Amino acid sequence: MTTPHNHRFTTQIVHADRLGGAEQGAIHKPVHTSVQYGYDQVEDLIAVFQGTAKGGFNYARQGTPTTAALEGKLTQMEQGQGTIVFSTGMAGICAVFLTLLKAGDHLVASQFVFGNTNSVLGTLADLGVEVTTVDATDAAQVAAALRPNTRMVFVETIANPGTQIPDLEGIGTLCQERGVLYVVDNTVASPYLFRAATVGAGLVVNSLTKSIGGHGDALGGSVTDTGRFDWSVYPNIYDPYRKGDPKGWGLQQLRKKGLRDMGGTLSSQAAHQLAVGAETLALRMDRTSATALVLAQWLEQHPAIARVLYPMLPSHPQHERARKHLKAGSWLLSFELRDPAQCLAVCNRLRLPIKATGLADTRTLIIPVAHTIFWEAGPAVRATMGIAESMIRLSVGLEEVEDLLADFEQALADCS
């Protein structure tokens, strides 16, 4: 028994375990710590190995009943056809790139991506995958970059840290017309604020550590197949996985290569924590988005601030696009000071925001971008990504907005 699809987002998630048949009437799926899974008949074990069984587990590196329960929740959130969870969001991204691309293939990626993702793009180039980065806020630039050997287009729904929003719909139409796999990293928006399937994404990536888990206490990542891509025409599916319904070929290869071979496995303990955190996703996203908007509006009026980057501000370059696609602007905002020399001092004067990397915690987090997470990229790359030397990234938490405003007022007082 599953939660009826006519129920709304949170209702489905909070009742998913109970209605899915949790043991002994539990309202949460238990934590399965077993590594091995045995069968009375060896034929049943063979069926699991060969993929002919409906369900079943053999070795925890490829999944457990606990990770499977989380995968079911995520599939429900994204309204997809299947999900694989990984040890981290980066493990999920690397699995997509390294199991679905080969040397000689071409990847088009947004130039506005998370620093570690940008680093992986460099690694792919070293391995023989051609990589072109473009300003994905303009679908025409993506179209101009496409080649006969282009296999994939990769973008982030809301870019970290600059909050740029690509032409999600335009790129989706383009990829559909050209038969190119469209991959969207939906980490910042989450499936509550935006469903990437609506713009034609074939695969959706989430860092579960962030919006979905939400408490900064467990690492995890996921890749969801939306059912929008025809895997029968994708040339890089290995022959052993070209069996049965082509709809399952992509995830089958990702699970075999990304989990079995590469070992990017999520533990059952972390899966349980993330699944519990997911139950409050909508509540947290509503609260942090509302607070972030008030804070962004206040900062934009402050004389010490040169620019505020938040999608729900009318001044944001993709504001109309954000209004069209997103329920709210999320917890992520960035701002730049008029006096770059004050960047570190302002961070230090703030008392509530924690000076730490990471995103979507229940507590507000702050970090000077150029000095930390994008330091390795260098000034030239930062410039192409729209990252000013005075940019400060804020991940807004659950604190009362009045307390955050008072804290920013005192921290910026000496900058005016």
# chains A, B, ... in the order shown; residues from 1 in each chain; ligands from 1
$ closest_atom_pairs --of "region 238-318 of chain A" --to "region 325-342 of chain A" --cutoff "8 Å" --atoms "only C-alpha atoms" --output "tab-separated table"
residue	atom	partner	partner_atom	distance
A:Met285	CA	A:Ser330	CA	6.3
A:Asp286	CA	A:Ala328	CA	7.4
A:Thr288	CA	A:Trp331	CA	5.1
A:Ser289	CA	A:Ser330	CA	4.5
A:Ala290	CA	A:Ala328	CA	7.8
A:Thr291	CA	A:Trp331	CA	7.9
A:Ala292	CA	A:Trp331	CA	5.8
A:Leu293	CA	A:Gly329	CA	7.5
A:Ala296	CA	A:Leu333	CA	7.3
A:Ala304	CA	A:Arg338	CA	5.7
A:Ile305	CA	A:Leu337	CA	4.6
A:Ala306	CA	A:Arg338	CA	4.8
A:Arg307	CA	A:Glu336	CA	5.2
A:Val308	CA	A:Phe335	CA	4.3
A:Leu309	CA	A:Ser334	CA	5.1
A:Tyr310	CA	A:Leu333	CA	5.1
A:Pro311	CA	A:Gly329	CA	5.5
A:Met312	CA	A:Gly329	CA	5.5
$ write_last_selection --atoms "N, CA and C atoms" --output "PDB file, in the first residue's frame"
ATOM      1  N   MET A 285      11.464  24.736   3.846  1.00  0.00           N
ATOM      2  CA  MET A 285      11.656  25.555   2.645  1.00  0.00           C
ATOM      3  C   MET A 285      10.741  26.778   2.653  1.00  0.00           C
ATOM      4  N   ASP A 286       9.514  26.607   3.122  1.00  0.00           N
ATOM      5  CA  ASP A 286       8.614  27.759   3.239  1.00  0.00           C
ATOM      6  C   ASP A 286       9.176  28.788   4.214  1.00  0.00           C
ATOM      7  N   THR A 288      12.385  29.166   5.493  1.00  0.00           N
ATOM      8  CA  THR A 288      13.667  29.775   5.139  1.00  0.00           C
ATOM      9  C   THR A 288      13.546  30.666   3.911  1.00  0.00           C
ATOM     10  N   SER A 289      12.673  30.311   2.980  1.00  0.00           N
ATOM     11  CA  SER A 289      12.478  31.164   1.798  1.00  0.00           C
ATOM     12  C   SER A 289      11.854  32.495   2.188  1.00  0.00           C
ATOM     13  N   ALA A 290      10.878  32.461   3.076  1.00  0.00           N
ATOM     14  CA  ALA A 290      10.237  33.697   3.523  1.00  0.00           C
ATOM     15  C   ALA A 290      11.227  34.589   4.257  1.00  0.00           C
ATOM     16  N   THR A 291      12.032  33.995   5.126  1.00  0.00           N
ATOM     17  CA  THR A 291      13.039  34.764   5.864  1.00  0.00           C
ATOM     18  C   THR A 291      14.086  35.328   4.926  1.00  0.00           C
ATOM     19  N   ALA A 292      14.546  34.513   3.975  1.00  0.00           N
ATOM     20  CA  ALA A 292      15.567  34.961   3.028  1.00  0.00           C
ATOM     21  C   ALA A 292      15.076  36.140   2.203  1.00  0.00           C
ATOM     22  N   LEU A 293      13.808  36.132   1.812  1.00  0.00           N
ATOM     23  CA  LEU A 293      13.270  37.243   1.028  1.00  0.00           C
ATOM     24  C   LEU A 293      13.257  38.536   1.839  1.00  0.00           C
ATOM     25  N   ALA A 296      16.828  39.655   2.190  1.00  0.00           N
ATOM     26  CA  ALA A 296      17.342  40.158   0.915  1.00  0.00           C
ATOM     27  C   ALA A 296      16.810  41.566   0.631  1.00  0.00           C
ATOM     28  N   ALA A 304      25.594  50.030   2.724  1.00  0.00           N
ATOM     29  CA  ALA A 304      26.878  49.326   2.660  1.00  0.00           C
ATOM     30  C   ALA A 304      26.890  48.193   1.642  1.00  0.00           C
ATOM     31  N   ILE A 305      25.723  47.854   1.107  1.00  0.00           N
ATOM     32  CA  ILE A 305      25.600  46.715   0.212  1.00  0.00           C
ATOM     33  C   ILE A 305      25.572  47.177  -1.242  1.00  0.00           C
ATOM     34  N   ALA A 306      26.443  46.591  -2.057  1.00  0.00           N
ATOM     35  CA  ALA A 306      26.500  46.943  -3.477  1.00  0.00           C
ATOM     36  C   ALA A 306      25.482  46.168  -4.301  1.00  0.00           C
ATOM     37  N   ARG A 307      25.272  44.907  -3.965  1.00  0.00           N
ATOM     38  CA  ARG A 307      24.357  44.081  -4.758  1.00  0.00           C
ATOM     39  C   ARG A 307      23.881  42.904  -3.926  1.00  0.00           C
ATOM     40  N   VAL A 308      22.614  42.537  -4.095  1.00  0.00           N
ATOM     41  CA  VAL A 308      22.047  41.360  -3.461  1.00  0.00           C
ATOM     42  C   VAL A 308      21.558  40.423  -4.557  1.00  0.00           C
ATOM     43  N   LEU A 309      21.906  39.158  -4.439  1.00  0.00           N
ATOM     44  CA  LEU A 309      21.527  38.156  -5.428  1.00  0.00           C
ATOM     45  C   LEU A 309      20.536  37.188  -4.798  1.00  0.00           C
ATOM     46  N   TYR A 310      19.267  37.369  -5.138  1.00  0.00           N
ATOM     47  CA  TYR A 310      18.206  36.492  -4.638  1.00  0.00           C
ATOM     48  C   TYR A 310      17.103  36.451  -5.688  1.00  0.00           C
ATOM     49  N   PRO A 311      16.699  35.280  -6.151  1.00  0.00           N
ATOM     50  CA  PRO A 311      15.807  35.175  -7.309  1.00  0.00           C
ATOM     51  C   PRO A 311      14.460  35.880  -7.181  1.00  0.00           C
ATOM     52  N   MET A 312      13.958  36.045  -5.952  1.00  0.00           N
ATOM     53  CA  MET A 312      12.647  36.649  -5.796  1.00  0.00           C
ATOM     54  C   MET A 312      12.691  38.171  -5.673  1.00  0.00           C
TER      55      MET A 312
END
$ select_by_dssp --residues "region 66-231 of chain A" --states "helix (DSSP H, G or I)" --output "PyMOL selection string"
chain A and resi 66-78+89-100+115-126+139-145+168-178+190-193+196-199+231
$ residues_around --residues "Leu251 (chain A)" --least-positions-apart "4" --cutoff "9 Å" --atoms "only C-alpha atoms" --output "PyMOL selection string"
chain A and resi 82-84+223-225+247+255-256
$ residues_around --residues "Gly221 (chain A)" --least-positions-apart "3" --cutoff "10 Å" --atoms "only C-alpha atoms" --output "list in words"
Ile84, Val85, Phe86, Ser87, Thr88, Gly89, Met90, Ala91, Gly92, Ile93, Thr187, Val205, Asn206, Ser207, Leu208, Thr209, Lys210, Ile212, Gly213, Gly264, Thr265, Leu266, Ala271 and Leu274 of chain A
$ residues_around --residues "region 371-377 of chain A" --least-positions-apart "6" --cutoff "9 Å" --atoms "only C-alpha atoms" --output "PyMOL selection string"
chain A and resi 114-116+118-119+357+387+389
$ atom_distance --atom1 "CA of Ala218 (chain A)" --atom2 "CA of Gln273 (chain A)"
6.7 Å
$ residues_around --residues "Thr52 (chain A)" --least-positions-apart "3" --cutoff "12 Å" --atoms "only C-alpha atoms" --output "CSV table (one decimal) with N, CA, C and O atoms, in the first residue's frame"
chain,number,residue,atom,x,y,z
A,43,GLU,N,18.6,-20.2,-6.5
A,43,GLU,CA,18.0,-19.6,-7.7
A,43,GLU,C,17.5,-18.2,-7.4
A,43,GLU,O,17.5,-17.3,-8.3
A,44,ASP,N,17.0,-18.0,-6.2
A,44,ASP,CA,16.5,-16.6,-5.9
A,44,ASP,C,17.6,-15.6,-5.8
A,44,ASP,O,17.5,-14.5,-6.2
A,45,LEU,N,18.8,-16.1,-5.2
A,45,LEU,CA,19.9,-15.2,-5.2
A,45,LEU,C,20.4,-14.9,-6.6
A,45,LEU,O,20.8,-13.7,-6.9
A,46,ILE,N,20.4,-15.9,-7.5
A,46,ILE,CA,20.8,-15.7,-8.9
A,46,ILE,C,19.9,-14.7,-9.6
A,46,ILE,O,20.4,-13.8,-10.3
A,47,ALA,N,18.6,-14.8,-9.3
A,47,ALA,CA,17.7,-13.8,-9.9
A,47,ALA,C,18.0,-12.4,-9.5
A,47,ALA,O,17.8,-11.5,-10.3
A,48,VAL,N,18.4,-12.2,-8.2
A,48,VAL,CA,18.7,-10.8,-7.8
A,48,VAL,C,20.0,-10.4,-8.5
A,48,VAL,O,20.0,-9.2,-9.0
A,49,PHE,N,21.0,-11.2,-8.6
A,49,PHE,CA,22.2,-10.9,-9.3
A,49,PHE,C,22.0,-10.5,-10.7
A,49,PHE,O,22.6,-9.6,-11.3
A,55,GLY,N,12.7,-6.9,-7.0
A,55,GLY,CA,13.2,-6.5,-5.7
A,55,GLY,C,14.2,-7.4,-5.2
A,55,GLY,O,14.7,-8.3,-6.0
A,56,GLY,N,14.6,-7.3,-4.0
A,56,GLY,CA,15.6,-8.2,-3.4
A,56,GLY,C,16.9,-7.5,-3.3
A,56,GLY,O,17.2,-6.5,-4.0
A,241,TYR,N,23.3,-4.4,-19.8
A,241,TYR,CA,22.1,-3.7,-19.2
A,241,TYR,C,21.0,-3.4,-20.2
A,241,TYR,O,20.0,-2.8,-19.8
A,243,LYS,N,18.6,-5.0,-21.4
A,243,LYS,CA,17.7,-6.0,-21.2
A,243,LYS,C,16.4,-5.5,-20.6
A,243,LYS,O,16.4,-4.6,-19.8
A,244,GLY,N,15.3,-6.1,-21.0
A,244,GLY,CA,14.0,-5.7,-20.5
A,244,GLY,C,13.6,-4.3,-21.0
A,244,GLY,O,14.0,-3.8,-22.0
A,245,ASP,N,12.8,-3.6,-20.2
A,245,ASP,CA,12.2,-2.3,-20.5
A,245,ASP,C,13.4,-1.3,-20.5
A,245,ASP,O,14.0,-1.1,-19.5
